[in-house]
$ cat upload09.cif   # mmCIF, C-alpha atoms
data_coords
#
loop_
_atom_site.group_PDB
_atom_site.id
_atom_site.type_symbol
_atom_site.label_atom_id
_atom_site.label_comp_id
_atom_site.auth_asym_id
_atom_site.auth_seq_id
_atom_site.Cartn_x
_atom_site.Cartn_y
_atom_site.Cartn_z
ATOM 1 C CA MET A 1 190.668 161.327 14.608
ATOM 2 C CA GLU A 2 190.303 165.016 15.395
ATOM 3 C CA ARG A 3 187.122 167.016 15.052
ATOM 4 C CA GLY A 4 187.111 170.885 15.245
ATOM 5 C CA GLY A 5 184.212 172.325 17.267
ATOM 6 C CA GLY A 6 182.534 175.720 17.852
ATOM 7 C CA ARG A 7 180.738 178.089 15.500
ATOM 8 C CA GLY A 8 182.420 181.129 13.886
ATOM 9 C CA GLY A 9 185.835 179.843 14.668
ATOM 10 C CA GLY A 10 185.120 179.881 18.390
ATOM 11 C CA GLY A 11 187.336 177.876 20.656
ATOM 12 C CA GLY A 12 185.396 174.614 20.947
ATOM 13 C CA GLU A 13 186.743 171.489 22.547
ATOM 14 C CA THR A 14 188.845 169.117 20.509
ATOM 15 C CA THR A 15 188.252 165.446 21.154
ATOM 16 C CA ILE A 16 190.492 162.597 20.100
ATOM 17 C CA CYS A 17 188.879 159.212 19.514
ATOM 18 C CA ASP A 18 191.072 156.129 19.216
ATOM 19 C CA VAL A 19 189.755 153.704 16.659
ATOM 20 C CA ASN A 20 191.271 150.273 17.187
ATOM 21 C CA PRO A 21 191.087 147.763 14.335
ATOM 22 C CA PRO A 22 189.097 144.652 15.196
ATOM 23 C CA THR A 23 191.187 141.792 16.484
ATOM 24 C CA PRO A 24 191.133 138.854 14.023
ATOM 25 C CA THR A 25 189.463 135.820 15.468
ATOM 26 C CA LYS A 26 191.400 132.586 15.532
ATOM 27 C CA SER A 27 189.825 129.357 14.436
ATOM 28 C CA VAL A 28 189.316 127.212 17.462
ATOM 29 C CA THR A 29 189.289 123.456 17.265
ATOM 30 C CA PRO A 30 186.001 122.178 18.661
ATOM 31 C CA ARG A 31 186.253 120.688 22.131
ATOM 32 C CA TYR A 32 184.126 117.746 23.083
ATOM 33 C CA SER A 33 183.663 116.123 26.448
ATOM 34 C CA LEU A 34 182.570 112.561 27.084
ATOM 35 C CA SER A 35 179.509 111.857 29.134
ATOM 36 C CA PHE A 36 179.462 109.383 31.998
ATOM 37 C CA TRP A 37 177.625 106.796 29.910
ATOM 38 C CA GLU A 38 180.076 107.114 27.018
ATOM 39 C CA VAL A 39 183.032 106.513 29.323
ATOM 40 C CA THR A 40 181.151 103.611 30.918
ATOM 41 C CA ALA A 41 180.464 102.038 27.514
ATOM 42 C CA ALA A 42 184.126 102.299 26.462
ATOM 43 C CA SER A 43 185.247 100.839 29.797
ATOM 44 C CA GLY A 44 182.767 98.003 29.319
ATOM 45 C CA VAL A 45 184.347 97.149 25.962
ATOM 46 C CA VAL A 46 187.808 96.959 27.552
ATOM 47 C CA LEU A 47 186.476 94.859 30.414
ATOM 48 C CA GLY A 48 184.778 92.472 27.981
ATOM 49 C CA PHE A 49 188.054 91.817 26.144
ATOM 50 C CA LEU A 50 189.917 91.267 29.418
ATOM 51 C CA ILE A 51 187.296 88.800 30.684
ATOM 52 C CA GLY A 52 187.509 86.887 27.409
ATOM 53 C CA LEU A 53 191.303 86.620 27.658
ATOM 54 C CA VAL A 54 191.098 85.494 31.282
ATOM 55 C CA CYS A 55 188.599 82.763 30.307
ATOM 56 C CA VAL A 56 190.965 81.510 27.596
ATOM 57 C CA TYR A 57 193.862 81.512 30.065
ATOM 58 C CA LEU A 58 191.877 79.508 32.618
ATOM 59 C CA THR A 59 191.161 76.746 30.077
ATOM 60 C CA MET A 60 194.831 76.282 29.225
ATOM 61 C CA PRO A 61 197.032 73.721 31.059
ATOM 62 C CA GLN A 62 199.306 74.746 33.899
ATOM 63 C CA SER A 63 202.547 76.026 32.394
ATOM 64 C CA ASP A 64 204.924 78.970 32.218
ATOM 65 C CA TYR A 65 203.299 81.584 30.001
ATOM 66 C CA SER A 66 205.879 84.322 30.440
ATOM 67 C CA PHE A 67 206.390 84.246 26.664
ATOM 68 C CA LEU A 68 202.867 85.613 26.120
ATOM 69 C CA LYS A 69 203.356 89.255 25.234
ATOM 70 C CA LEU A 70 202.687 91.453 22.250
ATOM 71 C CA PRO A 71 205.634 91.086 19.862
ATOM 72 C CA ARG A 72 207.481 94.316 19.092
ATOM 73 C CA ASN A 73 210.079 92.907 16.709
ATOM 74 C CA LEU A 74 210.776 89.776 14.695
ATOM 75 C CA HIS A 75 212.796 88.215 17.522
ATOM 76 C CA ASP A 76 209.845 88.482 19.932
ATOM 77 C CA LEU A 77 207.589 87.058 17.240
ATOM 78 C CA GLN A 78 209.813 84.019 16.662
ATOM 79 C CA ILE A 79 209.835 83.258 20.400
ATOM 80 C CA LEU A 80 206.050 83.540 20.521
ATOM 81 C CA ARG A 81 205.677 81.305 17.448
ATOM 82 C CA ASP A 82 208.003 78.633 18.836
ATOM 83 C CA ASN A 83 206.040 78.442 22.100
ATOM 84 C CA LEU A 84 202.532 78.611 20.633
ATOM 85 C CA GLU A 85 203.253 75.832 18.136
ATOM 86 C CA ILE A 86 203.316 73.429 21.079
ATOM 87 C CA TYR A 87 199.709 74.286 21.976
ATOM 88 C CA THR A 88 198.188 74.868 18.527
ATOM 89 C CA SER A 89 197.499 71.195 17.782
ATOM 90 C CA ASP A 90 196.078 70.190 21.202
ATOM 91 C CA TYR A 91 194.404 73.471 22.160
ATOM 92 C CA THR A 92 193.404 74.802 18.762
ATOM 93 C CA VAL A 93 190.170 76.453 19.896
ATOM 94 C CA GLN A 94 191.825 78.270 22.799
ATOM 95 C CA VAL A 95 194.656 79.517 20.590
ATOM 96 C CA LEU A 96 192.203 80.699 17.924
ATOM 97 C CA VAL A 97 189.964 82.484 20.416
ATOM 98 C CA GLY A 98 192.907 84.040 22.227
ATOM 99 C CA TYR A 99 194.485 85.162 18.954
ATOM 100 C CA SER A 100 191.197 86.644 17.731
ATOM 101 C CA LEU A 101 190.548 88.548 20.962
ATOM 102 C CA VAL A 102 194.028 90.045 20.959
ATOM 103 C CA TYR A 103 193.867 91.039 17.282
ATOM 104 C CA VAL A 104 190.418 92.629 17.605
ATOM 105 C CA PHE A 105 191.483 94.415 20.794
ATOM 106 C CA MET A 106 194.574 95.859 19.074
ATOM 107 C CA GLN A 107 192.514 97.033 16.107
ATOM 108 C CA THR A 108 189.795 98.500 18.299
ATOM 109 C CA PHE A 109 192.147 100.598 20.415
ATOM 110 C CA MET A 110 194.710 101.391 17.685
ATOM 111 C CA ILE A 111 197.569 99.473 19.303
ATOM 112 C CA PRO A 112 200.496 99.132 16.863
ATOM 113 C CA GLY A 113 201.807 95.678 15.939
ATOM 114 C CA THR A 114 198.997 93.929 14.064
ATOM 115 C CA VAL A 115 201.462 93.182 11.255
ATOM 116 C CA PHE A 116 203.254 90.818 13.660
ATOM 117 C CA MET A 117 199.933 89.141 14.443
ATOM 118 C CA SER A 118 199.346 88.611 10.727
ATOM 119 C CA LEU A 119 202.782 87.027 10.376
ATOM 120 C CA LEU A 120 202.003 84.819 13.367
ATOM 121 C CA ALA A 121 198.793 83.581 11.713
ATOM 122 C CA GLY A 122 200.761 82.406 8.699
ATOM 123 C CA ALA A 123 203.394 80.736 10.869
ATOM 124 C CA LEU A 124 200.799 78.848 12.966
ATOM 125 C CA PHE A 125 197.976 78.080 10.532
ATOM 126 C CA GLY A 126 199.334 78.292 6.968
ATOM 127 C CA VAL A 127 198.276 80.515 4.073
ATOM 128 C CA PHE A 128 194.569 79.812 3.605
ATOM 129 C CA LYS A 129 193.529 79.354 7.242
ATOM 130 C CA GLY A 130 195.812 82.192 8.246
ATOM 131 C CA MET A 131 194.312 84.515 5.625
ATOM 132 C CA ALA A 132 190.768 83.680 6.695
ATOM 133 C CA LEU A 133 191.723 84.345 10.309
ATOM 134 C CA VAL A 134 193.508 87.639 9.610
ATOM 135 C CA VAL A 135 190.858 89.071 7.284
ATOM 136 C CA SER A 136 188.003 88.144 9.628
ATOM 137 C CA THR A 137 189.671 89.432 12.807
ATOM 138 C CA ALA A 138 190.993 92.574 11.109
ATOM 139 C CA THR A 139 187.525 93.354 9.749
ATOM 140 C CA ALA A 140 185.960 92.680 13.142
ATOM 141 C CA GLY A 141 188.529 94.901 14.840
ATOM 142 C CA ALA A 142 188.048 97.704 12.312
ATOM 143 C CA SER A 143 184.277 97.428 12.761
ATOM 144 C CA SER A 144 184.645 97.546 16.538
ATOM 145 C CA CYS A 145 186.833 100.657 16.201
ATOM 146 C CA PHE A 146 184.250 102.201 13.837
ATOM 147 C CA LEU A 147 181.378 101.638 16.270
ATOM 148 C CA LEU A 148 183.382 102.780 19.299
ATOM 149 C CA SER A 149 184.490 105.903 17.444
ATOM 150 C CA LYS A 150 180.875 106.627 16.541
ATOM 151 C CA LEU A 151 180.189 106.659 20.262
ATOM 152 C CA ILE A 152 183.227 108.471 21.704
ATOM 153 C CA GLY A 153 185.678 109.134 18.852
ATOM 154 C CA ARG A 154 184.912 112.760 18.006
ATOM 155 C CA PRO A 155 187.245 114.320 20.625
ATOM 156 C CA LEU A 156 190.073 111.994 19.606
ATOM 157 C CA ILE A 157 189.848 112.606 15.870
ATOM 158 C CA PHE A 158 189.674 116.393 16.245
ATOM 159 C CA SER A 159 192.722 116.447 18.513
ATOM 160 C CA LEU A 160 194.927 113.997 16.598
ATOM 161 C CA TRP A 161 194.136 114.527 12.904
ATOM 162 C CA PRO A 162 192.207 117.790 12.316
ATOM 163 C CA ASP A 163 193.746 118.438 8.869
ATOM 164 C CA LYS A 164 193.342 114.859 7.657
ATOM 165 C CA LEU A 165 189.739 114.913 8.850
ATOM 166 C CA VAL A 166 188.926 118.000 6.753
ATOM 167 C CA PHE A 167 190.517 116.373 3.696
ATOM 168 C CA PHE A 168 188.727 113.055 4.249
ATOM 169 C CA GLN A 169 185.367 114.729 4.834
ATOM 170 C CA ASP A 170 185.703 116.684 1.603
ATOM 171 C CA GLN A 171 186.635 113.564 -0.394
ATOM 172 C CA VAL A 172 183.738 111.545 1.030
ATOM 173 C CA ALA A 173 181.257 114.334 0.277
ATOM 174 C CA ARG A 174 182.460 114.548 -3.341
ATOM 175 C CA ARG A 175 182.307 110.787 -3.905
ATOM 176 C CA LYS A 176 178.908 109.838 -2.527
ATOM 177 C CA ASP A 177 177.970 107.953 -5.714
ATOM 178 C CA GLY A 178 181.185 105.924 -5.890
ATOM 179 C CA LEU A 179 182.034 105.782 -2.210
ATOM 180 C CA LEU A 180 182.657 102.031 -2.120
ATOM 181 C CA ASN A 181 185.292 102.307 -4.844
ATOM 182 C CA TYR A 182 186.958 105.196 -3.041
ATOM 183 C CA MET A 183 187.024 103.338 0.280
ATOM 184 C CA LEU A 184 188.484 100.315 -1.487
ATOM 185 C CA PHE A 185 191.173 102.546 -2.954
ATOM 186 C CA LEU A 186 192.058 103.836 0.521
ATOM 187 C CA ARG A 187 192.306 100.300 1.917
ATOM 188 C CA LEU A 188 194.519 99.111 -0.917
ATOM 189 C CA THR A 189 196.898 102.081 -1.013
ATOM 190 C CA PRO A 190 198.777 104.042 1.676
ATOM 191 C CA THR A 191 196.874 107.255 0.882
ATOM 192 C CA LEU A 192 195.514 107.447 4.447
ATOM 193 C CA PRO A 193 196.485 105.299 7.456
ATOM 194 C CA ASN A 194 194.093 102.439 8.184
ATOM 195 C CA THR A 195 193.855 103.526 11.815
ATOM 196 C CA PHE A 196 192.683 106.970 10.748
ATOM 197 C CA ILE A 197 190.114 105.466 8.345
ATOM 198 C CA ASN A 198 188.677 103.292 11.125
ATOM 199 C CA VAL A 199 188.260 106.195 13.528
ATOM 200 C CA ALA A 200 187.268 108.925 11.073
ATOM 201 C CA SER A 201 184.751 107.059 8.897
ATOM 202 C CA PRO A 202 181.785 107.335 11.296
ATOM 203 C CA ILE A 203 182.613 110.994 11.962
ATOM 204 C CA VAL A 204 182.350 111.888 8.254
ATOM 205 C CA ASP A 205 179.202 109.773 7.785
ATOM 206 C CA VAL A 206 180.577 106.815 5.836
ATOM 207 C CA PRO A 207 177.762 104.207 5.945
ATOM 208 C CA TYR A 208 178.741 101.117 7.908
ATOM 209 C CA HIS A 209 177.874 98.633 5.127
ATOM 210 C CA ILE A 210 180.240 100.450 2.734
ATOM 211 C CA PHE A 211 182.945 100.602 5.415
ATOM 212 C CA PHE A 212 182.529 96.875 6.112
ATOM 213 C CA LEU A 213 182.671 95.766 2.468
ATOM 214 C CA ALA A 214 185.634 97.999 1.626
ATOM 215 C CA THR A 215 187.505 96.748 4.704
ATOM 216 C CA PHE A 216 186.782 93.063 4.151
ATOM 217 C CA ILE A 217 187.695 93.105 0.442
ATOM 218 C CA GLY A 218 190.451 95.678 0.649
ATOM 219 C CA LEU A 219 192.430 93.865 3.343
ATOM 220 C CA ILE A 220 192.741 90.618 1.377
ATOM 221 C CA PRO A 221 195.791 91.514 -0.786
ATOM 222 C CA ALA A 222 197.887 92.864 2.097
ATOM 223 C CA ALA A 223 196.813 89.951 4.314
ATOM 224 C CA PHE A 224 197.984 87.499 1.661
ATOM 225 C CA VAL A 225 201.416 89.170 1.514
ATOM 226 C CA THR A 226 201.981 89.110 5.287
ATOM 227 C CA VAL A 227 200.465 85.682 5.978
ATOM 228 C CA ARG A 228 202.507 84.075 3.223
ATOM 229 C CA ALA A 229 205.646 85.709 4.614
ATOM 230 C CA GLY A 230 204.825 84.296 8.048
ATOM 231 C CA ILE A 231 205.336 80.750 6.752
ATOM 232 C CA ALA A 232 209.019 81.566 6.212
ATOM 233 C CA LEU A 233 209.316 83.672 9.349
ATOM 234 C CA GLY A 234 212.895 82.614 10.027
ATOM 235 C CA GLU A 235 214.030 84.044 6.685
ATOM 236 C CA LEU A 236 212.749 87.557 7.371
ATOM 237 C CA GLN A 237 215.438 90.039 8.330
ATOM 238 C CA SER A 238 213.156 93.047 8.756
ATOM 239 C CA LEU A 239 209.585 94.169 8.099
ATOM 240 C CA GLY A 240 210.894 95.950 5.033
ATOM 241 C CA ASP A 241 211.281 92.541 3.382
ATOM 242 C CA LEU A 242 207.486 92.164 3.383
ATOM 243 C CA TYR A 243 206.756 95.034 1.042
ATOM 244 C CA ASP A 244 209.241 95.085 -1.788
ATOM 245 C CA PHE A 245 208.708 97.203 -4.890
ATOM 246 C CA SER A 246 206.720 94.551 -6.750
ATOM 247 C CA SER A 247 204.338 93.977 -3.820
ATOM 248 C CA MET A 248 203.712 97.685 -3.341
ATOM 249 C CA ALA A 249 203.271 98.237 -7.081
ATOM 250 C CA THR A 250 200.746 95.391 -7.245
ATOM 251 C CA LEU A 251 198.727 96.776 -4.326
ATOM 252 C CA PHE A 252 198.759 100.259 -5.854
ATOM 253 C CA LEU A 253 197.649 98.911 -9.236
ATOM 254 C CA ILE A 254 194.736 97.078 -7.618
ATOM 255 C CA GLY A 255 193.839 100.310 -5.839
ATOM 256 C CA VAL A 256 193.828 102.282 -9.084
ATOM 257 C CA LEU A 257 191.639 99.644 -10.736
ATOM 258 C CA SER A 258 189.179 99.897 -7.847
ATOM 259 C CA VAL A 259 188.468 103.585 -8.546
ATOM 260 C CA THR A 260 188.521 103.333 -12.343
ATOM 261 C CA PRO A 261 184.761 102.614 -12.662
ATOM 262 C CA THR A 262 184.009 105.774 -10.674
ATOM 263 C CA LEU A 263 186.290 107.905 -12.846
ATOM 264 C CA ILE A 264 184.757 106.529 -16.040
ATOM 265 C CA SER A 265 181.196 107.155 -14.851
ATOM 266 C CA LYS A 266 182.076 110.764 -13.969
ATOM 267 C CA LYS A 267 183.496 111.393 -17.455
ATOM 268 C CA LYS A 268 180.378 109.985 -19.085
ATOM 269 C CA ALA A 269 178.191 112.164 -16.909
#
$ encode --input "upload09.cif" --output "structure tokens"
Amino acid sequence: MERGGGRGGGGGETTICDVNPPTPTKSVTPRYSLSFWEVTAASGVVLGFLIGLVCVYLTMPQSDYSFLKLPRNLHDLQILRDNLEIYTSDYTVQVLVGYSLVYVFMQTFMIPGTVFMSLLAGALFGVFKGMALVVSTATAGASSCFLLSKLIGRPLIFSLWPDKLVFFQDQVARRKDGLLNYMLFLRLTPTLPNTFINVASPIVDVPYHIFFLATFIGLIPAAFVTVRAGIALGELQSLGDLYDFSSMATLFLIGVLSVTPTLISKKKA
């Protein structure tokens, strides 16, 4: 911008000032660092699971346990089932404890493959015992993930799912009065991944008792589907056979029914 100087048309100096528009600021994702004690606590949880598994292993008879590995497909699962059936009757407690530790560990640290563990429960223990085992261990694992995330999960959730976190936080804030129904809806439908719900819930201030109830109740229908399928494990061709249209429609209908009381109360208000 030019400014003319000098009185009476005299030859004053002309100065040129460059005015630069302000540079727009970019939104920066918050960065969080873990303290020494937080890392120590998380390491202690891992160590506790490993010690438990070693104790179970030491109480088992001498044998070749090369078949013990996390199943990644139905073939691996059938091999694991065939070998564990030999020990289930004589070493029931060890198999139950070992199964529970592995399932809770996988849920706590978001390791994929718990659907195979649910199928295995049905194959080894039948529908009712298998359902009780799956629902209890899945709830315990989700709770362990919730509590661990409350301690050290903030950096993880902001780096992996920033957009989902904003959406979830907004939905939780809007549904404080009917939060249990909403959490049940999330557990019964594929609206948000269960892993994300476990990690994000403490970050967005979902009370633990609501998280626990919604998890325990909401996991029952899906557990029934997978455990029942585990009884006829040899007939499964793929995991897609578990969730046909009727099963998914039933789960979605139950999910809609779970939030209906909240919707009705809002209309009356």
$ closest_residue --input "upload09.cif" --among "A:Leu236, A:Ala138, A:Val204, A:Met131" --to "Lys164 (chain A)" --atoms "all atoms listed in the file"
A:Val204
$ closest_residue --input "upload09.cif" --among "A:Phe158, A:Tyr99, A:Tyr182, A:Phe146" --to "Val56 (chain A)" --atoms "only C-alpha atoms"
A:Tyr99
$ residues_around --input "upload09.cif" --residues "Ser201 (chain A)" --least-positions-apart "2" --cutoff "10 Å" --atoms "all atoms listed in the file" --output "number ranges by chain"
A: 145-147, 149-150, 165, 168-169, 172, 183, 196-199, 203-208, 211
$ atom_distance --input "upload09.cif" --atom1 "CA of Arg81 (chain A)" --atom2 "CA of Asp241 (chain A)"
18.9 Å
$ resolve_selection --input "upload09.cif" --expression "the PyMOL selection byres ((chain A and resi 49) around 12)" --output "list of chain:residue names"
A:Ala42, A:Ser43, A:Gly44, A:Val45, A:Val46, A:Leu47, A:Gly48, A:Leu50, A:Ile51, A:Gly52, A:Leu53, A:Val54, A:Cys55, A:Val56, A:Val97, A:Gly98, A:Tyr99, A:Ser100, A:Leu101, A:Val102, A:Tyr103, A:Val104, A:Phe105, A:Met106, A:Thr108, A:Phe109, A:Gly141, A:Ser144
$ atom_distance --input "upload09.cif" --atom1 "CA of Tyr91 (chain A)" --atom2 "CA of Met60 (chain A)"
7.6 Å
$ closest_residue --input "upload09.cif" --among "A:Leu74, A:Ala200, A:Leu188, A:Leu233" --to "Arg154 (chain A)" --atoms "all atoms listed in the file"
A:Ala200
$ atom_distance --input "upload09.cif" --atom1 "CA of Ala41 (chain A)" --atom2 "CA of Ile111 (chain A)"
19.1 Å
$ resolve_selection --input "upload09.cif" --expression "the PyMOL selection byres ((chain A and resi 82) around 12)" --output "VMD selection string"
chain A and resid 67 to 68 75 to 81 83 to 88 120 123 to 124 233 to 234
$ resolve_selection --input "upload09.cif" --expression "the PyMOL selection byres ((chain A and resi 212) around 10)" --output "PDB file with C-alpha atoms, keeping the file's coordinate frame"
ATOM      1  CA  THR A 139     187.525  93.354   9.749  1.00  0.00           C
ATOM      2  CA  ALA A 140     185.960  92.680  13.142  1.00  0.00           C
ATOM      3  CA  ALA A 142     188.048  97.704  12.312  1.00  0.00           C
ATOM      4  CA  SER A 143     184.277  97.428  12.761  1.00  0.00           C
ATOM      5  CA  PHE A 146     184.250 102.201  13.837  1.00  0.00           C
ATOM      6  CA  LEU A 180     182.657 102.031  -2.120  1.00  0.00           C
ATOM      7  CA  MET A 183     187.024 103.338   0.280  1.00  0.00           C
ATOM      8  CA  PRO A 207     177.762 104.207   5.945  1.00  0.00           C
ATOM      9  CA  TYR A 208     178.741 101.117   7.908  1.00  0.00           C
ATOM     10  CA  HIS A 209     177.874  98.633   5.127  1.00  0.00           C
ATOM     11  CA  ILE A 210     180.240 100.450   2.734  1.00  0.00           C
ATOM     12  CA  PHE A 211     182.945 100.602   5.415  1.00  0.00           C
ATOM     13  CA  LEU A 213     182.671  95.766   2.468  1.00  0.00           C
ATOM     14  CA  ALA A 214     185.634  97.999   1.626  1.00  0.00           C
ATOM     15  CA  THR A 215     187.505  96.748   4.704  1.00  0.00           C
ATOM     16  CA  PHE A 216     186.782  93.063   4.151  1.00  0.00           C
ATOM     17  CA  ILE A 217     187.695  93.105   0.442  1.00  0.00           C
ATOM     18  CA  GLY A 218     190.451  95.678   0.649  1.00  0.00           C
TER      19      GLY A 218
END
$ closest_residue --input "upload09.cif" --among "A:Ala229, A:Met110, A:Ile152, A:Leu160" --to "Val127 (chain A)" --atoms "all atoms listed in the file"
A:Ala229
$ closest_residue --input "upload09.cif" --among "A:Ser118, A:Leu133, A:Phe185, A:Pro190" --to "Ile231 (chain A)" --atoms "only C-alpha atoms"
A:Ser118
$ axis_aligned_box --input "upload09.cif" --around "region 212-225 of chain A" --padding-each-side "3 Å" --output "AutoDock Vina command-line options"
--center_x 192.0 --center_y 92.7 --center_z 2.7 --size_x 24.9 --size_y 16.5 --size_z 12.9
$ closest_residue --input "upload09.cif" --among "A:Phe167, A:Asp64, A:Gln107, A:Thr40" --to "Thr191 (chain A)" --atoms "only C-alpha atoms"
A:Phe167
$ build_atoms --input "upload09.cif" --residues "region 175-188 of chain A" --atoms "N, CA, C and O atoms" --output "mmCIF file, in the coordinates of the input"
data_model
loop_
_atom_site.group_PDB
_atom_site.id
_atom_site.type_symbol
_atom_site.label_atom_id
_atom_site.label_comp_id
_atom_site.auth_asym_id
_atom_site.auth_seq_id
_atom_site.Cartn_x
_atom_site.Cartn_y
_atom_site.Cartn_z
ATOM 1 N N ARG A 175 182.365 112.119 -3.285
ATOM 2 C CA ARG A 175 182.307 110.787 -3.905
ATOM 3 C C ARG A 175 181.158 109.943 -3.356
ATOM 4 O O ARG A 175 181.293 108.739 -3.208
ATOM 5 N N LYS A 176 180.050 110.567 -3.078
ATOM 6 C CA LYS A 176 178.908 109.838 -2.527
ATOM 7 C C LYS A 176 178.439 108.715 -3.453
ATOM 8 O O LYS A 176 178.067 107.636 -3.004
ATOM 9 N N ASP A 177 178.466 108.955 -4.767
ATOM 10 C CA ASP A 177 177.970 107.953 -5.714
ATOM 11 C C ASP A 177 178.917 106.766 -5.857
ATOM 12 O O ASP A 177 178.469 105.644 -6.088
ATOM 13 N N GLY A 178 180.212 107.019 -5.754
ATOM 14 C CA GLY A 178 181.185 105.924 -5.890
ATOM 15 C C GLY A 178 181.993 105.727 -4.632
ATOM 16 O O GLY A 178 183.207 105.479 -4.693
ATOM 17 N N LEU A 179 181.320 105.812 -3.491
ATOM 18 C CA LEU A 179 182.034 105.782 -2.210
ATOM 19 C C LEU A 179 182.696 104.440 -1.935
ATOM 20 O O LEU A 179 183.787 104.384 -1.374
ATOM 21 N N LEU A 180 182.058 103.342 -2.348
ATOM 22 C CA LEU A 180 182.657 102.031 -2.120
ATOM 23 C C LEU A 180 183.985 101.901 -2.850
ATOM 24 O O LEU A 180 184.968 101.400 -2.286
ATOM 25 N N ASN A 181 184.042 102.366 -4.090
ATOM 26 C CA ASN A 181 185.292 102.307 -4.844
ATOM 27 C C ASN A 181 186.374 103.157 -4.185
ATOM 28 O O ASN A 181 187.546 102.759 -4.121
ATOM 29 N N TYR A 182 185.984 104.317 -3.695
ATOM 30 C CA TYR A 182 186.958 105.196 -3.041
ATOM 31 C C TYR A 182 187.482 104.569 -1.750
ATOM 32 O O TYR A 182 188.694 104.605 -1.475
ATOM 33 N N MET A 183 186.591 103.978 -0.959
ATOM 34 C CA MET A 183 187.024 103.338 0.280
ATOM 35 C C MET A 183 187.909 102.130 -0.006
ATOM 36 O O MET A 183 188.864 101.851 0.739
ATOM 37 N N LEU A 184 187.604 101.413 -1.078
ATOM 38 C CA LEU A 184 188.484 100.315 -1.487
ATOM 39 C C LEU A 184 189.869 100.832 -1.855
ATOM 40 O O LEU A 184 190.893 100.237 -1.480
ATOM 41 N N PHE A 185 189.900 101.937 -2.574
ATOM 42 C CA PHE A 185 191.173 102.546 -2.954
ATOM 43 C C PHE A 185 191.990 102.902 -1.710
ATOM 44 O O PHE A 185 193.212 102.667 -1.653
ATOM 45 N N LEU A 186 191.352 103.461 -0.700
ATOM 46 C CA LEU A 186 192.058 103.836 0.521
ATOM 47 C C LEU A 186 192.601 102.610 1.245
ATOM 48 O O LEU A 186 193.706 102.646 1.804
ATOM 49 N N ARG A 187 191.839 101.511 1.244
ATOM 50 C CA ARG A 187 192.306 100.300 1.917
ATOM 51 C C ARG A 187 193.469 99.642 1.186
ATOM 52 O O ARG A 187 194.321 98.997 1.804
ATOM 53 N N LEU A 188 193.503 99.800 -0.121
ATOM 54 C CA LEU A 188 194.519 99.111 -0.917
ATOM 55 C C LEU A 188 195.789 99.927 -1.103
ATOM 56 O O LEU A 188 196.812 99.380 -1.519
#
